>>> print(open('start.txt').read())   # compact mmCIF, C-alpha atoms and all ligand atoms
# COMPACT_ATOMS: atom_id res chain seq x y z
CA MET A 1 36.96 24.73 55.82
CA LYS A 2 34.75 27.09 53.89
CA LYS A 3 36.66 26.07 50.74
CA TYR A 4 35.85 22.37 51.41
CA LEU A 5 32.17 23.18 52.03
CA THR A 6 32.05 25.01 48.70
CA LEU A 7 33.65 22.03 46.97
CA ILE A 8 31.17 19.58 48.59
CA LEU A 9 28.26 21.85 47.61
CA ALA A 10 29.55 22.04 44.05
CA PHE A 11 29.87 18.25 43.93
CA CYS A 12 26.28 17.86 45.16
CA VAL A 13 25.01 20.24 42.46
CA ILE A 14 26.87 18.30 39.74
CA ALA A 15 25.55 14.98 41.09
CA ALA A 16 21.98 16.32 41.12
CA LEU A 17 22.29 17.62 37.54
CA THR A 18 23.73 14.29 36.38
CA ALA A 19 20.82 12.43 37.96
CA LEU A 20 18.33 14.78 36.28
CA CYS A 21 19.96 14.30 32.89
CA MET A 22 19.94 10.53 33.21
CA THR A 23 16.22 10.64 33.94
CA ALA A 24 15.54 12.94 31.00
CA CYS A 25 17.68 10.82 28.69
CA ASP A 26 16.21 7.52 29.84
CA PRO A 27 16.48 5.08 26.91
CA ALA A 28 12.80 4.25 27.41
CA ASP A 29 11.95 7.68 26.05
CA THR A 30 13.90 7.36 22.84
CA PRO A 31 11.88 6.52 19.72
CA ASP A 32 11.49 2.85 18.98
CA THR A 33 13.27 2.19 15.73
CA THR A 34 12.90 -1.57 15.83
CA ALA A 35 9.82 -1.23 13.65
CA GLU A 36 12.14 -0.31 10.81
CA ASP A 37 13.80 -3.71 11.03
CA THR A 38 12.33 -6.41 8.91
CA PRO A 39 12.81 -9.75 10.61
CA ALA A 40 12.19 -12.81 8.52
CA PRO A 41 8.80 -14.29 9.26
CA THR A 42 8.34 -17.61 10.92
CA ASP A 43 5.32 -18.46 8.78
CA ALA A 44 5.64 -21.37 6.41
CA PRO A 45 5.60 -20.49 2.70
CA THR A 46 2.19 -20.34 1.12
CA GLU A 47 1.08 -23.39 -0.81
CA GLU A 48 -0.22 -21.41 -3.75
CA PRO A 49 2.51 -18.93 -4.60
CA ALA A 50 1.03 -17.31 -7.67
CA GLY A 51 -0.69 -14.08 -6.87
CA THR A 52 -0.45 -14.35 -3.11
CA GLU A 53 0.44 -11.33 -1.01
CA ALA A 54 3.93 -11.09 0.42
CA PRO A 55 3.81 -12.75 3.83
CA THR A 56 3.58 -10.44 6.78
CA GLU A 57 6.02 -10.55 9.65
CA ALA A 58 4.66 -10.93 13.14
CA PRO A 59 4.18 -7.55 14.82
CA THR A 60 6.89 -6.94 17.39
CA GLU A 61 5.97 -3.55 18.72
CA GLU A 62 4.89 -3.05 22.31
CA GLU A 63 1.62 -1.26 22.88
CA THR A 64 3.40 1.17 25.23
CA THR A 65 5.69 2.45 22.47
CA VAL A 66 2.84 3.53 20.22
CA GLU A 67 2.65 7.21 21.13
CA GLU A 68 6.39 7.67 21.17
CA THR A 69 7.05 6.73 17.56
CA THR A 70 4.42 8.74 15.73
CA GLU A 71 5.42 11.16 13.02
CA GLU A 72 2.50 13.49 13.45
CA VAL A 73 1.83 16.19 10.92
CA THR A 74 -0.55 19.01 11.62
CA THR A 75 -4.11 18.60 10.39
CA GLU A 76 -3.69 21.99 8.73
CA ALA A 77 -1.18 20.52 6.28
CA VAL A 78 -3.34 17.43 5.72
CA THR A 79 -6.47 19.32 4.69
CA GLU A 80 -4.71 21.64 2.24
CA THR A 81 -3.58 19.01 -0.26
CA PRO A 82 -5.89 17.52 -2.91
CA GLU A 83 -7.16 13.96 -2.70
CA ALA A 84 -5.64 11.25 -4.87
CA GLY A 85 -7.44 10.38 -8.09
CA LEU A 86 -8.71 13.83 -9.05
CA ASP A 87 -5.88 15.19 -11.17
CA HIS A 88 -6.64 13.52 -14.52
CA GLY A 89 -10.09 15.02 -14.92
CA ILE A 90 -11.75 11.71 -15.89
CA VAL A 91 -15.54 12.07 -15.76
CA ARG A 92 -18.51 9.82 -16.46
CA ASP A 93 -20.69 10.69 -19.45
CA GLY A 94 -23.78 8.66 -18.57
CA THR A 95 -23.00 5.73 -20.86
CA PRO A 96 -21.71 2.38 -19.56
CA LYS A 97 -17.97 1.93 -19.66
CA LYS A 98 -15.42 -0.84 -19.30
CA TYR A 99 -12.88 0.30 -16.72
CA ILE A 100 -9.41 -1.22 -16.46
CA THR A 101 -7.24 -0.73 -13.37
CA ILE A 102 -3.92 -2.21 -12.23
CA ARG A 103 -2.40 -2.42 -8.76
CA MET A 104 1.09 -3.41 -7.61
CA ASP A 105 2.03 -3.82 -3.94
CA ASP A 106 4.99 -3.18 -1.65
CA GLY A 107 6.88 -0.36 -3.47
CA ILE A 108 9.82 -2.49 -4.57
CA THR A 109 12.59 -1.89 -7.08
CA GLN A 110 11.00 -4.00 -9.84
CA ASP A 111 8.34 -1.26 -10.06
CA ALA A 112 10.75 0.86 -12.15
CA ARG A 113 10.90 -1.75 -14.93
CA MET A 114 7.12 -2.15 -14.85
CA MET A 115 6.66 1.61 -15.20
CA GLU A 116 9.16 1.69 -18.07
CA ILE A 117 6.95 -0.82 -19.92
CA MET A 118 3.74 1.02 -19.06
CA ARG A 119 5.18 4.39 -20.14
CA LYS A 120 6.28 2.83 -23.43
CA TYR A 121 2.61 2.06 -24.23
CA GLY A 122 1.11 5.14 -22.57
CA VAL A 123 -0.69 3.08 -19.93
CA ASP A 124 -0.86 4.95 -16.63
CA CYS A 125 -3.72 3.20 -14.82
CA CYS A 126 -1.51 1.57 -12.19
CA THR A 127 -1.57 2.27 -8.46
CA PHE A 128 1.47 1.38 -6.35
CA TYR A 129 0.95 0.61 -2.65
CA ILE A 130 3.91 1.39 -0.38
CA ASN A 131 5.02 0.96 3.25
CA THR A 132 6.67 4.17 4.45
CA GLY A 133 7.98 2.60 7.67
CA LEU A 134 10.13 0.18 5.66
CA TYR A 135 12.22 2.50 3.48
CA GLY A 136 14.99 0.49 1.81
CA ALA A 137 13.99 -2.77 3.54
CA ASN A 138 15.43 -5.90 1.98
CA TRP A 139 13.01 -8.82 2.34
CA ALA A 140 15.36 -11.46 0.96
CA TRP A 141 13.12 -14.16 2.49
CA VAL A 142 10.41 -13.51 -0.09
CA GLY A 143 12.53 -14.86 -2.96
CA GLN A 144 13.84 -17.64 -0.72
CA GLN A 145 10.29 -18.76 0.07
CA PHE A 146 9.70 -19.26 -3.65
CA GLY A 147 13.00 -21.16 -3.99
CA ARG A 148 14.44 -18.16 -5.85
CA PRO A 149 17.03 -16.52 -3.57
CA ASP A 150 18.29 -14.59 -6.61
CA VAL A 151 15.02 -12.63 -6.80
CA THR A 152 15.07 -9.47 -4.69
CA HIS A 153 12.31 -7.79 -2.70
CA ILE A 154 13.88 -4.41 -1.89
CA ARG A 155 11.74 -1.40 -1.08
CA TYR A 156 12.62 2.08 -2.28
CA THR A 157 14.32 4.46 0.13
CA ARG A 158 12.68 7.73 1.01
CA ALA A 159 15.18 9.58 -1.18
CA GLU A 160 14.29 7.34 -4.13
CA LEU A 161 10.56 7.92 -3.55
CA GLU A 162 11.21 11.68 -3.42
CA SER A 163 13.18 11.56 -6.68
CA GLY A 164 10.01 11.30 -8.80
CA ILE A 165 10.28 7.64 -9.82
CA TYR A 166 6.50 7.18 -9.53
CA ASP A 167 5.64 10.32 -11.52
CA GLY A 168 2.57 9.75 -13.68
CA PHE A 169 1.22 6.91 -11.50
CA ASP A 170 -0.67 6.84 -8.21
CA VAL A 171 0.86 5.85 -4.87
CA GLU A 172 -1.40 4.81 -2.01
CA CYS A 173 -1.22 3.20 1.45
CA HIS A 174 -0.09 -0.31 2.26
CA THR A 175 0.32 0.53 6.00
CA ARG A 176 3.51 1.76 7.63
CA THR A 177 5.21 -1.58 8.37
CA HIS A 178 3.07 -4.24 6.62
CA PRO A 179 1.80 -5.90 9.83
CA SER A 180 -1.03 -8.36 10.32
CA LEU A 181 -3.68 -5.78 11.21
CA LYS A 182 -6.05 -8.26 12.85
CA ASN A 183 -3.46 -8.77 15.62
CA LEU A 184 -3.10 -5.08 16.45
CA SER A 185 -5.00 -2.82 18.82
CA GLU A 186 -7.27 -0.15 17.34
CA ARG A 187 -4.66 2.48 18.20
CA GLN A 188 -1.94 0.53 16.40
CA VAL A 189 -4.15 0.00 13.33
CA THR A 190 -4.84 3.73 13.20
CA ARG A 191 -1.18 4.55 13.49
CA GLU A 192 -0.17 2.03 10.80
CA VAL A 193 -2.62 3.50 8.29
CA LYS A 194 -2.57 7.16 9.28
CA ASN A 195 1.20 7.53 9.45
CA ASP A 196 1.62 5.81 6.09
CA ALA A 197 -0.95 8.19 4.58
CA GLU A 198 0.75 11.21 6.15
CA ASN A 199 4.15 10.17 4.83
CA ILE A 200 2.76 9.59 1.33
CA GLU A 201 1.11 12.99 1.43
CA LYS A 202 4.40 14.63 2.44
CA ILE A 203 6.32 12.88 -0.35
CA PHE A 204 3.81 12.98 -3.22
CA GLY A 205 1.73 16.07 -2.44
CA TYR A 206 -1.72 14.50 -2.48
CA LYS A 207 -3.88 12.90 0.18
CA PRO A 208 -4.19 9.10 -0.13
CA ILE A 209 -7.77 7.87 0.01
CA GLY A 210 -7.17 4.12 -0.31
CA MET A 211 -5.07 1.25 0.90
CA ALA A 212 -4.23 -2.31 -0.05
CA TRP A 213 -4.66 -4.68 2.88
CA PRO A 214 -1.15 -5.91 3.84
CA GLY A 215 -0.53 -9.65 3.89
CA GLY A 216 -3.71 -10.52 1.99
CA ASP A 217 -7.30 -11.13 3.02
CA THR A 218 -6.50 -13.46 5.93
CA GLU A 219 -4.74 -10.64 7.80
CA TRP A 220 -7.55 -8.12 8.35
CA ASN A 221 -10.99 -8.24 9.94
CA GLU A 222 -14.19 -6.18 9.96
CA GLY A 223 -13.11 -4.44 13.18
CA ASN A 224 -10.10 -3.08 11.28
CA ILE A 225 -12.44 -1.63 8.64
CA THR A 226 -14.49 0.19 11.29
CA THR A 227 -11.36 1.54 12.98
CA ILE A 228 -9.87 2.79 9.73
CA LEU A 229 -13.12 4.49 8.63
CA GLU A 230 -13.52 6.16 12.03
CA THR A 231 -9.96 7.33 12.55
CA THR A 232 -8.43 7.93 9.10
CA ASP A 233 -9.35 9.39 5.70
CA ILE A 234 -8.89 6.03 3.93
CA ARG A 235 -12.10 5.09 2.11
CA TYR A 236 -11.23 1.98 0.10
CA GLY A 237 -9.33 -1.20 0.91
CA SER A 238 -8.03 -3.37 -1.93
CA CYS A 239 -8.22 -7.12 -1.38
CA THR A 240 -6.45 -10.15 -2.85
CA THR A 241 -9.28 -12.70 -3.21
CA ARG A 242 -10.79 -12.92 -6.70
CA ASN A 243 -14.28 -11.44 -6.79
CA THR A 244 -15.73 -14.66 -8.23
CA GLN A 245 -14.55 -16.42 -5.06
CA MET A 246 -16.66 -13.90 -3.13
CA GLY A 247 -19.78 -14.69 -5.14
CA LEU A 248 -19.42 -11.61 -7.35
CA GLY A 249 -19.29 -11.41 -11.13
CA LYS A 250 -15.78 -11.57 -12.55
CA PHE A 251 -16.06 -8.07 -14.05
CA SER A 252 -18.38 -6.61 -11.43
CA LEU A 253 -17.82 -3.34 -9.61
CA PRO A 254 -17.03 -3.56 -5.89
CA GLN A 255 -19.95 -4.08 -3.52
CA TYR A 256 -18.18 -2.09 -0.77
CA PHE A 257 -15.04 -0.04 -1.33
CA MET A 258 -13.42 -1.23 1.91
CA THR A 259 -13.59 -4.80 0.57
CA TRP A 260 -12.65 -4.20 -3.04
CA TYR A 261 -12.00 -7.63 -4.57
CA PRO A 262 -9.99 -7.83 -7.82
CA THR A 263 -10.80 -9.72 -11.00
CA CYS A 264 -7.56 -11.71 -10.77
CA GLY A 265 -3.91 -11.69 -9.85
CA PHE A 266 -1.36 -10.98 -12.58
CA SER A 267 0.33 -14.35 -11.92
CA ASP A 268 -2.94 -16.27 -12.20
CA ALA A 269 -2.76 -18.60 -15.20
CA ASP A 270 -5.89 -17.08 -16.77
CA SER A 271 -5.17 -13.36 -16.28
CA LEU A 272 -4.53 -12.65 -19.98
CA THR A 273 -7.52 -14.78 -20.98
CA LEU A 274 -9.73 -12.80 -18.63
CA LEU A 275 -8.41 -9.53 -20.01
CA ASN A 276 -9.20 -10.57 -23.58
CA GLU A 277 -12.64 -11.77 -22.52
CA PHE A 278 -13.25 -8.40 -20.86
CA ILE A 279 -12.13 -6.46 -23.94
CA ALA A 280 -14.39 -8.54 -26.19
CA ALA A 281 -17.45 -8.29 -23.91
CA ASP A 282 -20.48 -6.21 -24.85
CA CYS A 283 -20.65 -3.09 -22.75
CA THR A 284 -24.23 -2.88 -21.52
CA GLU A 285 -23.40 -1.81 -17.96
CA ASP A 286 -20.34 -0.49 -16.13
CA MET A 287 -17.71 -3.24 -15.85
CA LEU A 288 -14.30 -3.47 -14.23
CA PHE A 289 -11.17 -5.46 -15.01
CA TYR A 290 -8.94 -5.20 -11.95
CA VAL A 291 -5.60 -7.03 -11.93
CA TRP A 292 -3.13 -6.91 -9.06
CA GLY A 293 0.30 -8.27 -8.18
CA HIS A 294 3.88 -7.48 -7.16
CA GLY A 295 6.89 -6.68 -9.31
CA TYR A 296 8.89 -9.55 -7.80
CA GLU A 297 6.40 -12.08 -9.21
CA LEU A 298 7.57 -11.18 -12.72
CA ASP A 299 11.12 -12.14 -11.77
CA ILE A 300 10.08 -15.32 -9.96
CA PHE A 301 7.83 -16.63 -12.73
CA ASN A 302 9.79 -15.04 -15.62
CA THR A 303 6.67 -13.22 -16.78
CA TRP A 304 8.04 -9.86 -17.96
CA ASP A 305 6.95 -10.74 -21.52
CA LYS A 306 3.49 -11.60 -20.23
CA PHE A 307 3.35 -8.22 -18.47
CA GLU A 308 4.35 -6.38 -21.65
CA THR A 309 1.71 -8.35 -23.60
CA MET A 310 -0.91 -7.35 -21.04
CA ILE A 311 0.05 -3.68 -21.17
CA ARG A 312 0.21 -3.63 -25.00
CA THR A 313 -3.19 -5.35 -25.14
CA ILE A 314 -4.68 -2.76 -22.79
CA ALA A 315 -3.17 0.14 -24.76
CA GLU A 316 -4.45 -1.18 -28.10
CA ALA A 317 -7.92 -1.90 -26.70
CA ALA A 318 -8.24 1.58 -25.18
CA GLU A 319 -7.12 3.11 -28.48
CA ALA A 320 -9.64 1.10 -30.50
CA ASP A 321 -12.66 1.22 -28.18
CA ASP A 322 -14.10 4.40 -26.64
CA SER A 323 -16.00 2.40 -24.04
CA ILE A 324 -12.71 1.27 -22.45
CA VAL A 325 -11.46 3.68 -19.79
CA LEU A 326 -8.11 3.33 -18.03
CA VAL A 327 -8.22 4.45 -14.39
CA THR A 328 -6.06 4.15 -11.30
CA ASN A 329 -7.71 2.66 -8.21
CA ALA A 330 -8.17 6.16 -6.75
CA GLU A 331 -9.63 7.51 -10.00
CA PHE A 332 -12.16 4.68 -10.06
CA TYR A 333 -13.03 5.42 -6.42
CA GLN A 334 -13.59 9.10 -7.19
CA LEU A 335 -15.91 8.21 -10.10
CA PHE A 336 -18.06 5.80 -8.07
CA LYS A 337 -17.79 6.95 -4.43
CA ASP A 338 -21.34 8.38 -4.45
CA GLU A 339 -22.85 5.08 -5.64
CA ILE A 340 -20.76 2.42 -3.98
CA PRO A 341 -20.64 2.60 -0.18
CA ALA A 342 -17.32 2.36 1.63
CA TRP A 343 -18.83 -0.21 3.97
CA LYS A 344 -22.11 -1.70 5.22
CA GLU A 345 -24.42 1.00 6.57
ZN ZN A 401 2.22 -6.32 0.55
>>> encode(input="start.txt", output="structure tokens")
Amino acid sequence: MKKYLTLILAFCVIAALTALCMTACDPADTPDTTAEDTPAPTDAPTEEPAGTEAPTEAPTEEETTVEETTEEVTTEAVTETPEAGLDHGIVRDGTPKKYITIRMDDGITQDARMMEIMRKYGVDCCTFYINTGLYGANWAWVGQQFGRPDVTHIRYTRAELESGIYDGFDVECHTRTHPSLKNLSERQVTREVKNDAENIEKIFGYKPIGMAWPGGDTEWNEGNITTILETTDIRYGSCTTRNTQMGLGKFSLPQYFMTWYPTCGFSDADSLTLLNEFIAADCTEDMLFYVWGHGYELDIFNTWDKFETMIRTIAEAAEADDSIVLVTNAEFYQLFKDEIPAWKE
């Protein structure tokens, strides 16, 4: 009898332990990895393909999963690394200059060919904006939306990013998963920006200070700007709308760094014309030529020759004219951060 009682007791103990384990291992507690998936968006293709941002997929994450998927790093590690844009030692000498800066979004495999061209001409003023929650993601729908299913949109894996492919150029934030920020809670916006910045810092060894708004200027709002300034170290936000469309001069400096409008998109029909106009202009005050795009556009519109022409033109102009200064987005920010406010006071 005593033997049976011992057996029953042992069974009860095992049952209790099993129940405990099941609670502890509840699937609800496991990290949500669905954010890494990249479902095709339901949005219709944009009417004006040239120079538009890659469409953004609808956010699918539940608010309740937010705290369980963070990849927190200690603030100690964050504060020890230098800020982006300070390593080239570019300074202002009190005379007006003509600054040229380039930006490419999404961190996709065409970036390697662009960098090969830029290295050939010694042009290093390009900033690449990456999404560190989408390592290796294949957005085949981007090419399909342009009627070019042969054109890839494949992001670099973490291992590729760590291999030094972006050496000599700047890498900054494009949010973790490229969501439509205006549709997210403040906590989600913070996580999207902060985690991307933390991952970039871990990979590249410097602290990002800027971002490119994902999905273009229809996908963020002023509330997002306030949230990002209050909860992250990001101090500029690169836009997609041409500055002339915002009532600014085509070569003007940004009014606010968090709404930094470019001169033009690379795929705009007049981008080379604008560059030549900028190079020829008298330099009586600080001016900026800021062109942006994506590597996949060069495949879609067969504009690799145009890109090489642009880079060669920039290299030759900088060589011939001391007033022309090549800067990455972060380098420009560091030069002007004391004069141009991040946002409205
Ligand atoms: Zn993008």
>>> residues_near_ligand(input="start.txt", ligand="ligand ZN 401 (chain A)", cutoff="6 Å", atoms="all atoms listed in the file", output="PyMOL selection string")
chain A and resi 53-54+105-106+214-215
>>> atom_distance(input="start.txt", atom1="CA of Ile234 in chain A", atom2="CA of Arg113 in chain A")
28.4 Å
>>> closest_residue(input="start.txt", among="A:Tyr261, A:Met114, A:Glu339, A:Asn302", to="Gln245 in chain A", atoms="only C-alpha atoms")
A:Tyr261
>>> atom_distance(input="start.txt", atom1="CA of Ile225 in chain A", atom2="CA of Glu172 in chain A")
16.6 Å
>>> atom_distance(input="start.txt", atom1="CA of Glu80 in chain A", atom2="CA of Tyr333 in chain A")
20.2 Å
